[in-house]
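To be precise, the following lines are start-v1.txt, and they hold compact mmCIF, C-alpha atoms.
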# COMPACT_ATOMS: atom_id res chain seq x y z
CA MET A 579 -12.22 -37.70 15.35
CA ALA A 580 -11.61 -36.93 19.02
CA ASP A 581 -13.00 -33.67 20.36
CA ILE A 582 -10.12 -31.18 20.60
CA HIS A 583 -11.64 -29.80 23.80
CA ASN A 584 -10.89 -33.16 25.41
CA LEU A 585 -7.37 -33.34 23.98
CA LEU A 586 -6.17 -30.22 25.76
CA PRO A 587 -6.93 -31.46 29.32
CA PHE A 588 -5.20 -34.75 28.48
CA VAL A 589 -2.02 -33.03 27.27
CA GLN A 590 -1.95 -30.67 30.24
CA ALA A 591 -2.47 -33.55 32.67
CA VAL A 592 0.52 -35.35 31.19
CA ARG A 593 2.70 -32.23 31.27
CA CYS A 594 1.65 -31.19 34.79
CA GLY A 595 1.57 -34.69 36.33
CA SER A 596 -1.85 -34.31 37.96
CA PHE A 597 -5.45 -33.40 37.22
CA MET A 598 -5.34 -30.64 39.84
CA ALA A 599 -2.30 -28.92 38.29
CA ALA A 600 -3.81 -29.30 34.81
CA ALA A 601 -7.06 -27.74 36.06
CA GLY A 602 -5.11 -24.76 37.40
CA ARG A 603 -3.34 -24.30 34.06
CA LEU A 604 -6.62 -24.51 32.12
CA GLN A 605 -8.55 -22.44 34.71
CA VAL A 606 -11.21 -25.12 35.21
CA THR A 607 -12.04 -27.49 38.11
CA PRO A 608 -10.25 -30.85 38.63
CA PRO A 609 -13.54 -32.76 38.14
CA ALA A 610 -13.91 -31.02 34.73
CA VAL A 611 -10.46 -32.27 33.71
CA SER A 612 -11.26 -35.80 34.89
CA LYS A 613 -14.58 -35.74 33.02
CA SER A 614 -12.92 -34.58 29.76
CA ILE A 615 -10.26 -37.29 29.94
CA SER A 616 -12.84 -39.98 30.69
CA LYS A 617 -14.85 -38.84 27.67
CA LEU A 618 -11.70 -38.95 25.53
CA GLU A 619 -10.98 -42.51 26.68
CA ARG A 620 -14.53 -43.54 25.69
CA GLU A 621 -14.11 -41.90 22.25
CA LEU A 622 -10.79 -43.69 21.68
CA GLY A 623 -11.79 -46.97 23.29
CA VAL A 624 -8.58 -47.21 25.35
CA ARG A 625 -7.41 -46.32 28.85
CA LEU A 626 -4.92 -43.43 28.81
CA PHE A 627 -4.07 -43.21 32.54
CA ASN A 628 -3.66 -45.62 35.39
CA ARG A 629 -5.12 -43.63 38.28
CA THR A 630 -4.37 -44.12 41.98
CA THR A 631 -5.01 -41.84 44.93
CA ARG A 632 -1.38 -40.69 44.94
CA LYS A 633 -0.11 -41.22 41.42
CA LEU A 634 -1.08 -40.63 37.81
CA ASP A 635 0.66 -42.87 35.27
CA LEU A 636 0.29 -43.02 31.50
CA THR A 637 -0.61 -46.38 30.02
CA HIS A 638 1.37 -47.68 27.04
CA GLU A 639 -1.41 -46.48 24.73
CA GLY A 640 -1.47 -43.14 26.54
CA LYS A 641 2.26 -42.66 25.95
CA LEU A 642 1.93 -43.43 22.23
CA PHE A 643 -1.04 -41.09 21.89
CA PHE A 644 0.71 -38.25 23.70
CA GLN A 645 3.82 -38.63 21.52
CA ARG A 646 1.70 -38.30 18.37
CA ILE A 647 -0.59 -35.44 19.31
CA SER A 648 1.80 -33.28 21.33
CA PRO A 649 3.70 -31.95 18.23
CA LEU A 650 0.40 -31.42 16.40
CA LEU A 651 -1.01 -29.31 19.22
CA ALA A 652 2.25 -27.37 19.36
CA GLU A 653 1.84 -26.59 15.64
CA LEU A 654 -1.73 -25.52 16.31
CA ASP A 655 -0.56 -23.19 19.08
CA ALA A 656 2.06 -21.72 16.75
CA ALA A 657 -0.52 -21.19 14.00
CA VAL A 658 -2.88 -19.40 16.38
CA THR A 659 -0.04 -17.21 17.65
CA GLU A 660 1.11 -16.38 14.11
CA ILE A 661 -2.34 -15.49 12.80
CA SER A 662 -3.12 -13.41 15.90
CA ARG A 663 0.08 -11.41 15.30
CA ALA A 664 -0.76 -10.78 11.63
CA PRO A 665 -2.94 -7.70 12.29
CA GLN A 666 -0.05 -6.02 14.15
CA ILE A 667 3.08 -6.94 12.16
CA PRO A 668 3.44 -6.04 8.46
CA GLN A 669 4.57 -9.25 6.80
CA GLY A 670 3.56 -11.55 3.97
CA LEU A 671 2.31 -11.17 0.40
CA ILE A 672 0.11 -8.32 -0.89
CA ARG A 673 -1.60 -8.72 -4.27
CA VAL A 674 -1.98 -5.34 -5.98
CA SER A 675 -3.79 -4.30 -9.15
CA THR A 676 -2.88 -0.95 -10.69
CA THR A 677 -3.49 0.97 -13.87
CA PRO A 678 -0.49 0.36 -16.15
CA THR A 679 0.68 3.94 -16.57
CA PHE A 680 0.49 4.88 -12.91
CA GLY A 681 2.02 1.56 -11.93
CA ARG A 682 5.03 1.82 -14.21
CA TYR A 683 5.84 5.50 -13.87
CA CYS A 684 4.64 6.42 -10.37
CA LEU A 685 4.34 3.29 -8.23
CA THR A 686 7.32 1.17 -9.32
CA PRO A 687 9.97 3.89 -8.74
CA ILE A 688 9.08 4.20 -5.03
CA LEU A 689 8.82 0.49 -4.14
CA ALA A 690 12.44 0.28 -2.98
CA LYS A 691 11.60 2.83 -0.25
CA PHE A 692 8.63 0.70 0.82
CA PHE A 693 10.73 -2.48 1.03
CA GLN A 694 13.38 -0.66 3.06
CA ARG A 695 10.72 0.28 5.59
CA TYR A 696 8.89 -3.09 5.52
CA PRO A 697 11.42 -5.81 4.60
CA ASP A 698 9.03 -8.67 5.50
CA VAL A 699 6.36 -7.65 2.98
CA GLU A 700 6.22 -8.95 -0.60
CA LEU A 701 4.23 -7.43 -3.49
CA ASP A 702 2.63 -9.20 -6.45
CA ILE A 703 1.58 -6.43 -8.88
CA SER A 704 -0.75 -6.78 -11.88
CA TYR A 705 -1.05 -4.00 -14.44
CA ASP A 706 -4.73 -3.95 -15.43
CA GLU A 707 -6.50 -1.55 -17.80
CA SER A 708 -9.89 -2.54 -16.35
CA PRO A 709 -10.54 -2.42 -12.59
CA PRO A 710 -10.65 -5.92 -11.08
CA ASN A 711 -13.13 -7.36 -8.64
CA LEU A 712 -11.08 -7.22 -5.47
CA VAL A 713 -12.73 -10.18 -3.75
CA SER A 714 -13.35 -12.64 -6.60
CA ASP A 715 -10.03 -11.84 -8.31
CA GLY A 716 -8.09 -12.20 -5.08
CA PHE A 717 -6.54 -8.73 -4.81
CA ASP A 718 -5.79 -6.97 -1.53
CA VAL A 719 -5.50 -3.49 -3.06
CA SER A 720 -6.55 -1.80 -6.30
CA ILE A 721 -5.15 1.50 -7.59
CA GLN A 722 -7.28 3.12 -10.30
CA HIS A 723 -8.98 6.24 -11.61
CA MET A 724 -12.47 5.19 -10.53
CA SER A 725 -13.48 5.86 -6.93
CA GLY A 726 -15.35 2.57 -6.54
CA ARG A 727 -18.46 4.30 -5.16
CA ALA A 728 -20.67 1.63 -6.74
CA THR A 729 -19.06 -1.00 -4.52
CA SER A 730 -18.80 -1.58 -0.77
CA HIS A 731 -15.01 -1.25 -0.90
CA VAL A 732 -13.11 1.41 1.00
CA SER A 733 -11.90 4.10 -1.42
CA ARG A 734 -9.40 6.84 -0.59
CA VAL A 735 -7.90 9.53 -2.80
CA LEU A 736 -4.24 8.71 -3.35
CA CYS A 737 -3.16 11.73 -5.38
CA ASP A 738 -4.15 14.28 -7.98
CA TYR A 739 -3.50 13.03 -11.49
CA PRO A 740 -4.10 15.87 -13.95
CA ILE A 741 -4.00 14.90 -17.63
CA VAL A 742 -2.29 17.34 -20.02
CA LEU A 743 -1.53 17.50 -23.75
CA VAL A 744 2.11 17.10 -24.77
CA ALA A 745 4.17 16.90 -27.94
CA SER A 746 7.84 16.78 -28.85
CA PRO A 747 9.66 19.97 -29.90
CA ASP A 748 10.45 18.45 -33.32
CA TYR A 749 6.79 17.67 -34.01
CA LEU A 750 5.74 21.19 -33.02
CA ALA A 751 8.48 22.69 -35.19
CA ARG A 752 7.16 20.68 -38.12
CA LYS A 753 3.40 21.15 -37.63
CA GLY A 754 3.20 24.39 -35.63
CA VAL A 755 2.08 25.09 -32.07
CA PRO A 756 -1.69 25.06 -31.36
CA ARG A 757 -2.72 28.29 -29.70
CA ALA A 758 -6.47 27.61 -29.28
CA LEU A 759 -8.87 24.68 -29.19
CA GLU A 760 -9.87 25.44 -32.77
CA ASP A 761 -6.33 24.60 -33.91
CA LEU A 762 -6.41 20.99 -32.68
CA PRO A 763 -8.27 19.31 -35.60
CA ALA A 764 -5.38 20.26 -37.90
CA HIS A 765 -2.91 18.29 -35.81
CA ASP A 766 -1.87 14.65 -35.65
CA PHE A 767 -2.73 12.89 -32.41
CA VAL A 768 -1.38 9.64 -31.07
CA CYS A 769 -4.76 8.15 -30.25
CA PHE A 770 -5.62 5.28 -27.97
CA ARG A 771 -8.51 2.86 -28.17
CA LEU A 772 -10.13 1.62 -25.00
CA PRO A 773 -12.29 -1.54 -24.80
CA TYR A 774 -15.43 0.46 -25.65
CA GLY A 775 -13.85 2.30 -28.60
CA ARG A 776 -11.63 5.25 -29.44
CA SER A 777 -11.31 7.63 -26.54
CA THR A 778 -13.05 11.02 -26.66
CA LEU A 779 -11.27 13.76 -24.74
CA ARG A 780 -12.99 16.38 -22.64
CA LEU A 781 -10.78 19.48 -22.61
CA GLU A 782 -11.55 22.08 -19.93
CA ARG A 783 -9.77 25.25 -18.85
CA SER A 784 -9.57 26.16 -15.17
CA GLN A 785 -8.93 29.57 -13.69
CA LYS A 786 -8.10 29.73 -9.98
CA ARG A 787 -10.28 32.15 -8.10
CA GLU A 788 -9.00 31.29 -4.64
CA ARG A 789 -6.26 29.18 -3.24
CA LYS A 790 -8.31 25.99 -2.99
CA THR A 791 -11.07 26.49 -5.56
CA ALA A 792 -11.27 26.55 -9.32
CA ARG A 793 -13.92 27.57 -11.83
CA ARG A 794 -14.17 25.83 -15.20
CA VAL A 795 -14.86 28.47 -17.81
CA ASP A 796 -14.93 26.63 -21.12
CA GLY A 797 -14.23 23.32 -22.75
CA ILE A 798 -15.02 20.94 -25.59
CA ASN A 799 -15.47 17.25 -26.26
CA PHE A 800 -12.85 16.33 -28.82
CA THR A 801 -12.22 13.04 -30.62
CA PRO A 802 -8.55 13.12 -31.67
CA ARG A 803 -7.52 11.92 -35.10
CA GLY A 804 -4.17 10.75 -36.35
CA PRO A 805 -2.31 8.07 -38.28
CA LEU A 806 -1.49 6.05 -35.14
CA THR A 807 -3.90 4.44 -32.69
CA VAL A 808 -2.64 2.47 -29.70
CA ALA A 809 -4.80 -0.25 -28.16
CA ASN A 810 -4.50 -2.06 -24.80
CA GLN A 811 -1.29 -0.30 -23.71
CA VAL A 812 -2.27 3.29 -23.07
CA ASP A 813 1.22 4.45 -22.09
CA ALA A 814 2.61 3.33 -25.48
CA ASN A 815 1.18 6.57 -26.88
CA LEU A 816 3.72 8.48 -24.79
CA LEU A 817 6.61 6.58 -26.35
CA ALA A 818 5.31 7.40 -29.84
CA CYS A 819 4.92 11.04 -28.83
CA LEU A 820 8.53 11.17 -27.64
CA TYR A 821 9.56 10.13 -31.15
CA ASP A 822 7.66 12.96 -32.86
CA ALA A 823 4.48 11.09 -33.90
CA GLY A 824 2.08 13.80 -32.69
CA ILE A 825 0.21 15.23 -29.72
CA THR A 826 -1.02 12.93 -26.97
CA PRO A 827 -2.69 13.22 -23.55
CA SER A 828 -0.76 11.95 -20.57
CA SER A 829 -0.74 12.45 -16.84
CA LEU A 830 1.40 15.23 -15.41
CA PRO A 831 3.31 13.00 -12.93
CA VAL A 832 4.33 10.78 -15.85
CA VAL A 833 5.46 13.48 -18.28
CA LEU A 834 7.04 15.88 -15.80
CA PRO A 835 10.54 14.37 -16.12
CA TYR A 836 10.31 14.73 -19.92
CA LEU A 837 9.09 18.32 -19.59
CA LYS A 838 12.01 19.15 -17.32
CA SER A 839 14.49 17.55 -19.72
CA GLY A 840 13.00 19.37 -22.72
CA ARG A 841 12.01 16.20 -24.58
CA LEU A 842 8.34 17.22 -24.39
CA LYS A 843 6.40 20.48 -24.36
CA LEU A 844 2.98 21.31 -22.96
CA VAL A 845 0.33 22.01 -25.60
CA LEU A 846 -2.41 24.43 -24.52
CA PRO A 847 -1.08 24.37 -20.94
CA GLU A 848 -4.14 26.15 -19.55
CA TYR A 849 -6.30 23.11 -20.42
CA ARG A 850 -6.74 19.78 -18.68
CA VAL A 851 -8.12 16.56 -20.07
CA ARG A 852 -11.14 15.36 -18.11
CA GLY A 853 -12.85 12.00 -18.35
CA THR A 854 -15.93 11.55 -20.50
CA GLU A 855 -19.20 10.21 -19.10
CA VAL A 856 -18.02 6.70 -19.99
CA GLU A 857 -14.57 7.03 -18.48
CA GLY A 858 -15.44 9.06 -15.39
CA ASP A 859 -13.21 11.68 -13.82
CA THR A 860 -9.59 10.72 -14.52
CA SER A 861 -8.01 13.63 -12.64
CA GLN A 862 -7.44 11.65 -9.44
CA ILE A 863 -6.01 8.28 -8.49
CA HIS A 864 -7.86 6.25 -5.87
CA ILE A 865 -6.68 3.35 -3.74
CA LEU A 866 -9.29 0.72 -2.87
CA TYR A 867 -9.33 -2.19 -0.45
CA PRO A 868 -12.16 -4.50 0.64
CA HIS A 869 -12.91 -3.37 4.20
CA ARG A 870 -11.78 -1.29 7.18
CA GLN A 871 -12.29 -3.84 9.96
CA HIS A 872 -9.55 -6.38 10.68
CA LEU A 873 -7.36 -4.90 7.96
CA PRO A 874 -4.08 -6.87 7.87
CA ALA A 875 -1.07 -4.88 9.02
CA LYS A 876 0.70 -5.47 5.69
CA VAL A 877 -2.18 -3.89 3.74
CA LYS A 878 -2.54 -1.00 6.18
CA ALA A 879 1.20 -0.32 5.99
CA PHE A 880 1.14 -0.33 2.17
CA VAL A 881 -1.89 1.96 1.93
CA GLU A 882 -0.58 4.44 4.48
CA PHE A 883 2.88 4.46 2.89
CA LEU A 884 1.44 5.38 -0.52
CA ILE A 885 -0.87 8.05 0.86
CA GLU A 886 1.96 9.56 2.89
CA PHE A 887 4.33 9.59 -0.09
CA PHE A 888 2.00 11.03 -2.72
CA ARG A 889 0.43 13.64 -0.47
CA SER A 890 3.87 14.94 0.48
CA ASP A 891 5.21 14.74 -3.07
CA ARG A 892 5.73 18.24 -4.45
CA LYS A 893 6.20 17.36 -8.11
CA LEU A 894 2.84 18.79 -9.12
CA ALA A 895 3.73 22.15 -7.60
CA ALA A 896 6.05 22.80 -10.53
CA ASN A 897 5.62 26.00 -12.52
CA LEU A 898 4.03 24.57 -15.65
CA ASP A 899 4.31 27.80 -17.62
CA ALA A 900 8.02 27.09 -18.03
CA PHE A 901 7.20 23.94 -20.01
CA ALA A 902 4.70 25.46 -22.45
CA ALA A 903 5.32 25.17 -26.19
Show this structure as structure tokens.
Amino acid sequence: MADIHNLLPFVQAVRCGSFMAAAGRLQVTPPAVSKSISKLERELGVRLFNRTTRKLDLTHEGKLFFQRISPLLAELDAAVTEISRAPQIPQGLIRVSTTPTFGRYCLTPILAKFFQRYPDVELDISYDESPPNLVSDGFDVSIQHMSGRATSHVSRVLCDYPIVLVASPDYLARKGVPRALEDLPAHDFVCFRLPYGRSTLRLERSQKRERKTARRVDGINFTPRGPLTVANQVDANLLACLYDAGITPSSLPVVLPYLKSGRLKLVLPEYRVRGTEVEGDTSQIHILYPHRQHLPAKVKAFVEFLIEFFRSDRKLAANLDAFAA
């Protein structure tokens, strides 16, 4: 295949009508242009120009060659221009992996706002219980509970995601309202089973000492029991809870609309569900992407949009005491 470095002087010489003008366009010397074209002729085994002291004419073979390669080089120029613009203009497809509950209840409802701001960006979203490998699985962004500290990926806190206990008013009327941790074993829980087994809950109570600090004063590890266990689809436990099946843990951003409507009540509102040693801390949502350098504009726009939205969202500032059972 002909050396592309020799193709460019040939094309410019045809377009400019002389080696000197082509050299000026390419910012090289006229002898360098002549040398490149001579080398190209040797590679192709044909004469491309008939040269005289006053005139530069294409041969028949030169005309045919120029007609074939000129559109190809134009496509190459367009490709270089397009890819060089990619870091500045948000456009194209973003592949996103998110935890199912956060994705359905918190991410999906705000996507219309994102598309209004960035109409040239498309999203392909997977709802994954287990965090993916961003590089080998081909994802641009992952949204999950884990911070990804064991990887080289960039990890940023997206939002607080406190987990609370909830139940329907009808269930609580039937079984009674738990007033202390010791009351929980007597209650039905809508349990969920993760890949490594039934989930154990860590319940901890926090008392605010200052505006931005909290001190955990007590807590227990508790394995809930009940007639219903949900596997693979963690947010299915919330649906069962809405229909009076028992108590279940769920994230505050997810259940807040149901608390406001009265369909659910907070159980032991002073407690929060923390992750076990296996699960890690589940009280925050993190957004991960492979690297900081040369981050495509589409990915940067998506990440910054989510961080801006969730950090300004005031849902979690609600007075939770009003929703207690």
Distance query Leu671 of chain A at most 10 Å, only C-alpha atoms, self and fewer than 6 positions along chain excluded, as a PyMOL selection string
chain A and resi 698-702+718+876-877
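Distances here use all atoms listed in the file; by that measure, the residue among A:Ile721, A:Leu816, A:Leu622, A:Ile582 closest to Val735 of chain A is A:Ile721.
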Within 12 Å of segment 684-695 of chain A, counting all atoms listed in the file, which residues show up once you throw out same-chain ones fewer than 4 positions away? Write them as a ChimeraX atom specification, please.
/A:668-670,674-680,699-705,721-722,736-737,739,829-835,863,865,876,879-888,891,893
Taking the point (11.5, 17.7, -24.4) as given in the file, collect each protein or nucleic acid residue that comes within 10 Å of it, counting all atoms listed in the file, and present the set as JSON, numbers by chain.
{"A": [744, 745, 746, 747, 748, 820, 833, 834, 835, 836, 837, 838, 839, 840, 841, 842, 843, 844, 901, 903]}
In Å to one decimal, how far is atom CA of Tyr821 of chain A from atom CA of Leu759 of chain A?
23.6 Å
Find the spatial neighbours of segment 795-811 of chain A, counting only C-alpha atoms, within a cut-off of 7 Å - ignore same-chain residues fewer than 4 positions away - and output them as a list of chain:residue names.
A:Asp766, A:Phe767, A:Val768, A:Cys769, A:Phe770, A:Arg771, A:Leu772, A:Ser777, A:Thr778, A:Leu779, A:Arg780, A:Leu781, A:Glu782, A:Arg783, A:Ser784, A:Asn815
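Atom pair atom CA of His864 of chain A / atom CA of Arg682 of chain A has a distance of 16.0 Å (rounded to one decimal).
Using all atoms listed in the file for every distance, the candidate list A:Ser708, A:Ser861, A:Asn628, A:Ser720 yields A:Ser861 as the residue closest to Pro740 of chain A.
The protein and nucleic acid residues lying at most 8 Å from Tyr867 of chain A are Leu712, Asp718, Val719, Ser720, His731, Val732 and Ser733 of chain A, with only C-alpha atoms considered and sequence neighbours fewer than 3 positions away removed.
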Separation of atom CA of Arg646 of chain A from atom CA of Asn584 of chain A, in Å and rounded to one decimal
15.3 Å
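For the choices A:Val611, A:Cys594, A:Ile647, A:Ala875, the atom-to-atom distance to Asp635 of chain A is smallest for A:Cys594 when using all atoms listed in the file.
Among the candidate residues A:Phe644, A:Met724, A:Leu743, A:Val845, the one lying nearest to Pro827 of chain A is A:Leu743, with distances computed using all atoms listed in the file.
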Selecting C-alpha atoms, how would segment 592-638 of chain A from this structure be written as a PDB file, in the first residue's frame?
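Below is the file that was written, part.pdb:
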ATOM      1  CA  VAL A 592      -2.984  18.531  -8.151  1.00  0.00           C
ATOM      2  CA  ARG A 593      -5.247  20.949  -6.282  1.00  0.00           C
ATOM      3  CA  CYS A 594      -2.712  23.803  -6.231  1.00  0.00           C
ATOM      4  CA  GLY A 595      -1.329  23.290  -9.757  1.00  0.00           C
ATOM      5  CA  SER A 596       2.341  23.415  -8.746  1.00  0.00           C
ATOM      6  CA  PHE A 597       4.875  21.866  -6.390  1.00  0.00           C
ATOM      7  CA  MET A 598       5.705  25.289  -4.964  1.00  0.00           C
ATOM      8  CA  ALA A 599       2.085  26.091  -4.050  1.00  0.00           C
ATOM      9  CA  ALA A 600       1.632  22.592  -2.608  1.00  0.00           C
ATOM     10  CA  ALA A 601       4.786  23.053  -0.514  1.00  0.00           C
ATOM     11  CA  GLY A 602       3.378  26.304   0.876  1.00  0.00           C
ATOM     12  CA  ARG A 603       0.098  24.605   1.796  1.00  0.00           C
ATOM     13  CA  LEU A 604       1.906  21.698   3.492  1.00  0.00           C
ATOM     14  CA  GLN A 605       4.552  23.972   5.073  1.00  0.00           C
ATOM     15  CA  VAL A 606       7.458  22.032   3.560  1.00  0.00           C
ATOM     16  CA  THR A 607      10.005  22.840   0.809  1.00  0.00           C
ATOM     17  CA  PRO A 608       9.267  22.325  -2.926  1.00  0.00           C
ATOM     18  CA  PRO A 609      12.078  19.729  -3.201  1.00  0.00           C
ATOM     19  CA  ALA A 610      10.382  17.755  -0.374  1.00  0.00           C
ATOM     20  CA  VAL A 611       7.125  17.703  -2.360  1.00  0.00           C
ATOM     21  CA  SER A 612       8.940  16.605  -5.520  1.00  0.00           C
ATOM     22  CA  LYS A 613      10.776  13.869  -3.605  1.00  0.00           C
ATOM     23  CA  SER A 614       7.527  12.524  -2.075  1.00  0.00           C
ATOM     24  CA  ILE A 615       5.778  12.398  -5.445  1.00  0.00           C
ATOM     25  CA  SER A 616       8.751  10.683  -7.094  1.00  0.00           C
ATOM     26  CA  LYS A 617       8.718   8.083  -4.318  1.00  0.00           C
ATOM     27  CA  LEU A 618       4.974   7.581  -4.819  1.00  0.00           C
ATOM     28  CA  GLU A 619       5.495   7.043  -8.551  1.00  0.00           C
ATOM     29  CA  ARG A 620       8.136   4.391  -7.802  1.00  0.00           C
ATOM     30  CA  GLU A 621       5.771   2.645  -5.335  1.00  0.00           C
ATOM     31  CA  LEU A 622       2.938   2.630  -7.902  1.00  0.00           C
ATOM     32  CA  GLY A 623       5.107   1.920 -10.920  1.00  0.00           C
ATOM     33  CA  VAL A 624       3.486   4.673 -13.019  1.00  0.00           C
ATOM     34  CA  ARG A 625       4.164   8.306 -13.903  1.00  0.00           C
ATOM     35  CA  LEU A 626       1.604  10.644 -12.306  1.00  0.00           C
ATOM     36  CA  PHE A 627       2.773  14.003 -13.726  1.00  0.00           C
ATOM     37  CA  ASN A 628       4.254  15.236 -16.953  1.00  0.00           C
ATOM     38  CA  ARG A 629       6.673  17.891 -15.713  1.00  0.00           C
ATOM     39  CA  THR A 630       8.009  20.847 -17.695  1.00  0.00           C
ATOM     40  CA  THR A 631       9.726  24.005 -16.522  1.00  0.00           C
ATOM     41  CA  ARG A 632       6.489  25.989 -16.866  1.00  0.00           C
ATOM     42  CA  LYS A 633       3.691  23.473 -16.561  1.00  0.00           C
ATOM     43  CA  LEU A 634       2.562  20.545 -14.434  1.00  0.00           C
ATOM     44  CA  ASP A 635       0.125  18.162 -16.114  1.00  0.00           C
ATOM     45  CA  LEU A 636      -1.470  14.983 -14.798  1.00  0.00           C
ATOM     46  CA  THR A 637      -0.967  11.852 -16.851  1.00  0.00           C
ATOM     47  CA  HIS A 638      -3.975   9.661 -17.653  1.00  0.00           C
TER      48      HIS A 638
END
